[in-house]
$ cat data12.tsv   # TSV, C-alpha atoms
chain	number	residue	atom	x	y	z
A	1	HIS	CA	-2.35	21.75	-62.16
A	2	THR	CA	-3.68	23.53	-65.21
A	3	SER	CA	-3.32	20.38	-67.33
A	4	PRO	CA	-3.61	16.65	-66.69
A	5	ASP	CA	0.20	16.36	-66.54
A	6	GLY	CA	1.24	14.97	-63.19
A	7	VAL	CA	-2.30	14.50	-61.91
A	8	GLY	CA	-1.31	11.02	-60.69
A	9	GLY	CA	0.51	12.77	-57.84
A	10	HIS	CA	-1.02	14.42	-54.82
A	11	LYS	CA	-1.66	17.89	-56.28
A	12	PHE	CA	-5.09	18.96	-57.43
A	13	PHE	CA	-6.53	21.22	-60.06
A	14	ALA	CA	-6.66	24.71	-58.56
A	15	PRO	CA	-10.12	25.58	-60.03
A	16	MET	CA	-11.65	22.74	-58.00
A	17	LEU	CA	-10.11	23.63	-54.65
A	18	ALA	CA	-12.57	25.08	-52.15
A	19	ARG	CA	-12.32	28.76	-51.29
A	20	THR	CA	-14.20	30.94	-48.83
A	21	TYR	CA	-17.18	32.47	-50.62
A	22	GLU	CA	-17.05	35.81	-48.82
A	23	GLY	CA	-14.34	37.98	-50.31
A	24	TYR	CA	-13.61	35.60	-53.17
A	25	VAL	CA	-16.97	36.41	-54.74
A	26	ARG	CA	-15.73	39.95	-55.34
A	27	ASP	CA	-12.93	38.56	-57.48
A	28	VAL	CA	-15.28	36.70	-59.83
A	29	LEU	CA	-17.90	39.39	-60.36
A	30	GLY	CA	-18.00	40.33	-64.02
A	31	ARG	CA	-16.74	37.00	-65.30
A	32	ALA	CA	-18.00	33.42	-65.43
A	33	ALA	CA	-17.44	31.23	-62.40
A	34	PHE	CA	-18.60	27.86	-61.07
A	35	VAL	CA	-19.90	28.00	-57.50
A	36	GLN	CA	-21.28	25.13	-55.43
A	37	PRO	CA	-21.72	24.32	-51.72
A	38	LYS	CA	-18.70	22.49	-50.33
A	39	LEU	CA	-19.39	18.93	-49.21
A	40	ASP	CA	-17.81	18.26	-45.83
A	41	GLY	CA	-16.13	15.07	-47.02
A	42	TYR	CA	-12.69	13.79	-48.05
A	43	ARG	CA	-11.04	14.63	-51.36
A	44	CYS	CA	-10.34	11.67	-53.62
A	45	VAL	CA	-8.74	11.31	-57.04
A	46	ALA	CA	-9.47	8.02	-58.79
A	47	SER	CA	-7.48	6.44	-61.61
A	48	VAL	CA	-6.69	2.97	-62.88
A	49	GLY	CA	-4.04	2.84	-60.15
A	50	GLY	CA	-6.56	3.28	-57.33
A	51	LEU	CA	-7.81	6.03	-55.04
A	52	ILE	CA	-5.61	8.71	-53.49
A	53	SER	CA	-6.22	11.47	-50.96
A	54	ARG	CA	-5.41	15.14	-51.21
A	55	GLN	CA	-2.07	14.35	-49.59
A	56	GLY	CA	-1.34	11.61	-52.11
A	57	LYS	CA	-2.03	8.70	-49.73
A	58	PRO	CA	-4.11	5.70	-50.85
A	59	TRP	CA	-7.71	5.26	-49.71
A	60	ASN	CA	-8.69	1.68	-48.77
A	61	LEU	CA	-12.21	1.52	-50.22
A	62	PRO	CA	-12.56	-1.68	-52.28
A	63	HIS	CA	-16.26	-1.17	-53.04
A	64	ILE	CA	-15.55	2.11	-54.83
A	65	VAL	CA	-12.61	0.62	-56.73
A	66	GLU	CA	-14.89	-2.25	-57.75
A	67	ALA	CA	-17.68	0.10	-58.87
A	68	LEU	CA	-15.27	2.21	-60.98
A	69	ALA	CA	-13.43	-0.74	-62.55
A	70	PRO	CA	-15.62	-0.93	-65.70
A	71	PHE	CA	-14.92	2.73	-66.48
A	72	PHE	CA	-11.15	2.27	-66.20
A	73	GLU	CA	-11.32	-0.91	-68.29
A	74	GLU	CA	-12.95	1.13	-71.05
A	75	ASP	CA	-10.59	4.10	-70.63
A	76	PRO	CA	-7.35	3.30	-68.72
A	77	ASP	CA	-6.30	6.97	-68.95
A	78	LEU	CA	-9.44	8.21	-67.20
A	79	ILE	CA	-8.95	10.36	-64.08
A	80	LEU	CA	-11.79	11.33	-61.75
A	81	ASP	CA	-11.72	14.08	-59.14
A	82	GLY	CA	-14.28	14.09	-56.35
A	83	GLU	CA	-15.23	13.68	-52.70
A	84	LEU	CA	-15.84	10.75	-50.35
A	85	TYR	CA	-19.09	11.65	-48.67
A	86	ASN	CA	-22.55	10.68	-47.48
A	87	HIS	CA	-25.21	13.32	-46.98
A	88	SER	CA	-26.71	11.41	-44.05
A	89	LEU	CA	-23.43	12.12	-42.20
A	90	ARG	CA	-23.26	15.79	-43.21
A	91	ASP	CA	-23.36	16.81	-39.53
A	92	ASP	CA	-21.06	14.03	-38.29
A	93	PHE	CA	-17.69	14.58	-39.94
A	94	ASN	CA	-15.89	12.51	-37.28
A	95	THR	CA	-17.93	9.39	-38.01
A	96	LEU	CA	-17.46	9.88	-41.75
A	97	GLY	CA	-13.71	10.19	-41.25
A	98	SER	CA	-13.42	7.16	-38.99
A	99	LEU	CA	-15.28	5.00	-41.50
A	100	ILE	CA	-13.07	6.14	-44.38
A	101	LYS	CA	-9.71	6.09	-42.61
A	102	LYS	CA	-9.87	2.93	-40.49
A	103	GLY	CA	-7.39	0.32	-41.70
A	104	ASN	CA	-7.93	-3.22	-40.46
A	105	ARG	CA	-11.72	-3.43	-40.52
A	106	THR	CA	-13.84	-6.29	-39.31
A	107	SER	CA	-16.28	-7.80	-41.79
A	108	ALA	CA	-19.11	-5.86	-40.13
A	109	GLU	CA	-17.15	-2.60	-40.36
A	110	GLU	CA	-16.28	-3.30	-44.00
A	111	GLU	CA	-19.94	-3.86	-44.79
A	112	ARG	CA	-20.92	-0.58	-43.14
A	113	VAL	CA	-18.27	1.28	-45.14
A	114	ARG	CA	-19.60	-0.36	-48.30
A	115	GLN	CA	-23.15	0.75	-47.51
A	116	VAL	CA	-22.35	4.29	-46.34
A	117	ILE	CA	-19.31	5.75	-48.10
A	118	GLN	CA	-20.05	7.20	-51.55
A	119	TYR	CA	-17.84	8.80	-54.19
A	120	HIS	CA	-19.19	12.09	-55.56
A	121	VAL	CA	-17.38	12.96	-58.80
A	122	TYR	CA	-16.82	16.64	-59.59
A	123	ASP	CA	-14.57	16.62	-62.60
A	124	LEU	CA	-12.82	14.54	-65.28
A	125	PRO	CA	-9.36	16.19	-65.39
A	126	SER	CA	-8.07	13.65	-67.92
A	127	PHE	CA	-10.33	15.32	-70.51
A	128	PRO	CA	-8.94	18.49	-72.14
A	129	GLY	CA	-10.47	21.94	-72.27
A	130	GLY	CA	-10.66	23.12	-68.66
A	131	PHE	CA	-13.66	22.57	-66.40
A	132	SER	CA	-16.02	24.76	-68.44
A	133	GLY	CA	-15.03	22.94	-71.62
A	134	ARG	CA	-15.43	19.51	-70.07
A	135	ILE	CA	-18.86	20.22	-68.62
A	136	GLY	CA	-19.94	21.35	-72.08
A	137	GLU	CA	-19.23	17.84	-73.40
A	138	LEU	CA	-21.76	16.15	-71.11
A	139	HIS	CA	-24.61	14.35	-72.87
A	140	THR	CA	-26.05	12.17	-70.11
A	141	VAL	CA	-26.13	12.33	-66.32
A	142	TYR	CA	-27.21	9.32	-64.29
A	143	GLY	CA	-26.35	7.54	-61.10
A	144	ILE	CA	-27.39	6.30	-57.66
A	145	VAL	CA	-27.96	9.50	-55.72
A	146	ASN	CA	-29.93	8.34	-52.69
A	147	GLY	CA	-28.11	6.49	-49.94
A	148	THR	CA	-31.21	5.29	-48.09
A	149	THR	CA	-32.64	3.34	-51.03
A	150	ASN	CA	-29.20	2.00	-51.93
A	151	TYR	CA	-28.76	0.71	-48.38
A	152	ILE	CA	-32.19	-1.00	-48.37
A	153	LEU	CA	-31.83	-2.60	-51.80
A	154	SER	CA	-28.27	-3.77	-51.12
A	155	ARG	CA	-29.36	-5.54	-47.96
A	156	MET	CA	-32.35	-7.06	-49.74
A	157	TYR	CA	-29.94	-8.34	-52.39
A	158	ASN	CA	-27.91	-10.00	-49.61
A	159	GLU	CA	-31.06	-11.73	-48.29
A	160	GLU	CA	-30.94	-9.82	-44.98
A	161	GLY	CA	-34.68	-9.17	-44.82
A	162	ASP	CA	-37.62	-7.77	-46.73
A	163	TYR	CA	-38.27	-4.11	-47.53
A	164	ALA	CA	-40.21	-3.27	-44.34
A	165	GLU	CA	-37.70	-4.98	-42.03
A	166	ILE	CA	-34.66	-3.31	-43.53
A	167	LEU	CA	-36.31	0.11	-43.67
A	168	ALA	CA	-37.12	-0.14	-39.96
A	169	ASN	CA	-33.53	-1.16	-39.24
A	170	ALA	CA	-32.19	1.72	-41.35
A	171	GLN	CA	-34.32	4.14	-39.30
A	172	GLU	CA	-32.92	2.69	-36.07
A	173	LEU	CA	-29.37	3.14	-37.35
A	174	GLY	CA	-30.04	6.68	-38.59
A	175	TYR	CA	-29.61	5.82	-42.28
A	176	ALA	CA	-33.28	6.63	-42.98
A	177	GLU	CA	-35.39	9.58	-41.83
A	178	ALA	CA	-38.29	9.11	-39.40
A	179	ASP	CA	-40.47	9.97	-42.40
A	180	PRO	CA	-38.63	8.32	-45.30
A	181	THR	CA	-41.25	9.16	-47.94
A	182	ALA	CA	-39.05	11.52	-49.96
A	183	ASP	CA	-36.25	8.95	-50.07
A	184	VAL	CA	-38.10	5.68	-50.71
A	185	GLY	CA	-40.68	7.39	-52.92
A	186	GLY	CA	-38.01	8.72	-55.28
A	187	ALA	CA	-38.63	12.45	-54.77
A	188	ASP	CA	-35.21	13.07	-53.19
A	189	ALA	CA	-33.39	11.40	-56.09
A	190	ALA	CA	-35.57	13.26	-58.60
A	191	ALA	CA	-34.78	16.61	-56.97
A	192	LYS	CA	-31.06	15.86	-57.09
A	193	MET	CA	-31.28	14.87	-60.75
A	194	ALA	CA	-33.11	18.12	-61.52
A	195	ILE	CA	-30.24	20.04	-59.94
A	196	LEU	CA	-27.60	17.96	-61.72
A	197	ALA	CA	-29.35	18.33	-65.07
A	198	SER	CA	-29.66	22.10	-64.58
A	199	ILE	CA	-25.93	22.39	-63.92
A	200	ALA	CA	-24.79	19.88	-66.53
A	201	PHE	CA	-26.87	21.23	-69.39
A	202	HIS	CA	-26.94	24.95	-68.51
A	203	SER	CA	-30.73	24.91	-68.20
A	204	ARG	CA	-33.48	25.20	-65.64
A	205	VAL	CA	-34.96	21.81	-64.73
A	206	THR	CA	-37.55	21.64	-61.95
A	207	LEU	CA	-38.81	18.71	-59.91
A	208	GLY	CA	-42.15	18.94	-61.69
A	209	GLN	CA	-40.42	18.12	-64.98
A	210	VAL	CA	-38.85	14.90	-63.66
A	211	ALA	CA	-40.82	11.66	-63.80
A	212	TYR	CA	-39.92	9.33	-60.95
A	213	SER	CA	-41.01	6.32	-58.92
A	214	GLY	CA	-39.78	4.77	-55.70
A	215	ILE	CA	-38.94	1.40	-54.19
A	216	GLU	CA	-41.90	0.96	-51.80
A	217	ASN	CA	-43.36	-1.82	-53.95
A	218	VAL	CA	-40.12	-3.71	-54.56
A	219	THR	CA	-40.40	-7.15	-52.98
A	220	LEU	CA	-37.77	-9.64	-51.93
A	221	ALA	CA	-39.07	-11.88	-54.71
A	222	ASP	CA	-38.33	-9.11	-57.26
A	223	VAL	CA	-34.77	-8.78	-56.01
A	224	ARG	CA	-34.22	-12.54	-56.01
A	225	TYR	CA	-35.55	-12.90	-59.55
A	226	ALA	CA	-33.28	-10.10	-60.79
A	227	LYS	CA	-30.35	-11.75	-59.03
A	228	GLU	CA	-31.07	-15.08	-60.74
A	229	LEU	CA	-30.90	-13.28	-64.08
A	230	GLY	CA	-27.60	-11.62	-63.18
A	231	PHE	CA	-29.02	-8.18	-62.36
A	232	VAL	CA	-29.39	-5.98	-59.30
A	233	VAL	CA	-32.27	-3.67	-58.43
A	234	LYS	CA	-31.26	-0.05	-57.84
A	235	LEU	CA	-32.95	3.34	-57.83
A	236	VAL	CA	-31.08	5.13	-60.61
A	237	GLY	CA	-31.62	8.79	-61.43

$ encode --input "data12.tsv" --output "structure tokens"
Amino acid sequence: HTSPDGVGGHKFFAPMLARTYEGYVRDVLGRAAFVQPKLDGYRCVASVGGLISRQGKPWNLPHIVEALAPFFEEDPDLILDGELYNHSLRDDFNTLGSLIKKGNRTSAEEERVRQVIQYHVYDLPSFPGGFSGRIGELHTVYGIVNGTTNYILSRMYNEEGDYAEILANAQELGYAEADPTADVGGADAAAKMAILASIAFHSRVTLGQVAYSGIENVTLADVRYAKELGFVVKLVG
């Protein structure tokens, strides 16, 4: 599509479809183009009606629908285009696919999907002006961009253990690196926000310009107190 008309179907905006870099790059020399590494995930368009795949089939991911609900309540005409992905599974496409596609999940499987599967938004096709015009309208970029800290804090919220216990478990399961310093210390999220800010605002933002802190000192008592007040503790970039 070159306009939002019909985007509720299974077709996608051609500018956002992946193409092979070699060869195609010759076609864009001399004019502006948006280039990014392709995430090895699953395409997903989100609207008030739910989540659909590239083939127009629904995705069964209640935690993502729940997370997006406030945005669709504010703007029922909003359409998001993106990818179902988790960088920790970047080399295990089969596991990523089995988590996303499985139908009748057990409660344990549903909880793993909730902790692991993320929605990375590329575009807002319901907004006019083409991709270059839409990206020019951005004023703020924020979000949860580190899966390891999100996994730890979510389990702390559910009273499944303290920080040290859950971090050790995450390492055993492969959700956290052997040396998790960059993740739990906030450097990974800060680096991602520097990249996002550079792209979003057509500037050059470096890690040294981003102030950040981590979750190493977050206690179970902190999480419980926030919960009592109706809040959750997250590492937000």

$ residues_around --input "data12.tsv" --residues "A:Val141" --least-positions-apart "2" --cutoff "12 Å" --atoms "only C-alpha atoms" --output "ChimeraX atom specification"
/A:121,135,137-139,143-145,192-201,236-237

$ closest_residue --input "data12.tsv" --among "A:Asn60, A:Leu89, A:Arg224, A:Ile100" --to "A:Glu160" --atoms "all atoms listed in the file"
A:Arg224

$ residues_around --input "data12.tsv" --residues "stretch 176-191 of chain A" --least-positions-apart "4" --cutoff "7 Å" --atoms "all atoms listed in the file" --output "PyMOL selection string"
chain A and resi 145-146+148-149+170-171+195+207+210+212-216+237

$ write_last_selection --input "data12.tsv" --atoms "C-alpha atoms" --output "mmCIF file, in the frame of the given file"
data_model
loop_
_atom_site.group_PDB
_atom_site.id
_atom_site.type_symbol
_atom_site.label_atom_id
_atom_site.label_comp_id
_atom_site.auth_asym_id
_atom_site.auth_seq_id
_atom_site.Cartn_x
_atom_site.Cartn_y
_atom_site.Cartn_z
ATOM 1 C CA VAL A 145 -27.960 9.500 -55.720
ATOM 2 C CA ASN A 146 -29.930 8.340 -52.690
ATOM 3 C CA THR A 148 -31.210 5.290 -48.090
ATOM 4 C CA THR A 149 -32.640 3.340 -51.030
ATOM 5 C CA ALA A 170 -32.190 1.720 -41.350
ATOM 6 C CA GLN A 171 -34.320 4.140 -39.300
ATOM 7 C CA ILE A 195 -30.240 20.040 -59.940
ATOM 8 C CA LEU A 207 -38.810 18.710 -59.910
ATOM 9 C CA VAL A 210 -38.850 14.900 -63.660
ATOM 10 C CA TYR A 212 -39.920 9.330 -60.950
ATOM 11 C CA SER A 213 -41.010 6.320 -58.920
ATOM 12 C CA GLY A 214 -39.780 4.770 -55.700
ATOM 13 C CA ILE A 215 -38.940 1.400 -54.190
ATOM 14 C CA GLU A 216 -41.900 0.960 -51.800
ATOM 15 C CA GLY A 237 -31.620 8.790 -61.430
#

$ closest_residue --input "data12.tsv" --among "A:Gly56, A:Gly82, A:Gly41, A:Gly147" --to "A:Thr95" --atoms "only C-alpha atoms"
A:Gly41

$ atom_distance --input "data12.tsv" --atom1 "atom CA of A:Leu173" --atom2 "atom CA of A:Lys227"
26.3 Å

$ atom_distance --input "data12.tsv" --atom1 "atom CA of A:Leu68" --atom2 "atom CA of A:Asp40"
22.2 Å

$ atom_distance --input "data12.tsv" --atom1 "atom CA of A:Leu229" --atom2 "atom CA of A:Ser154"
16.3 Å
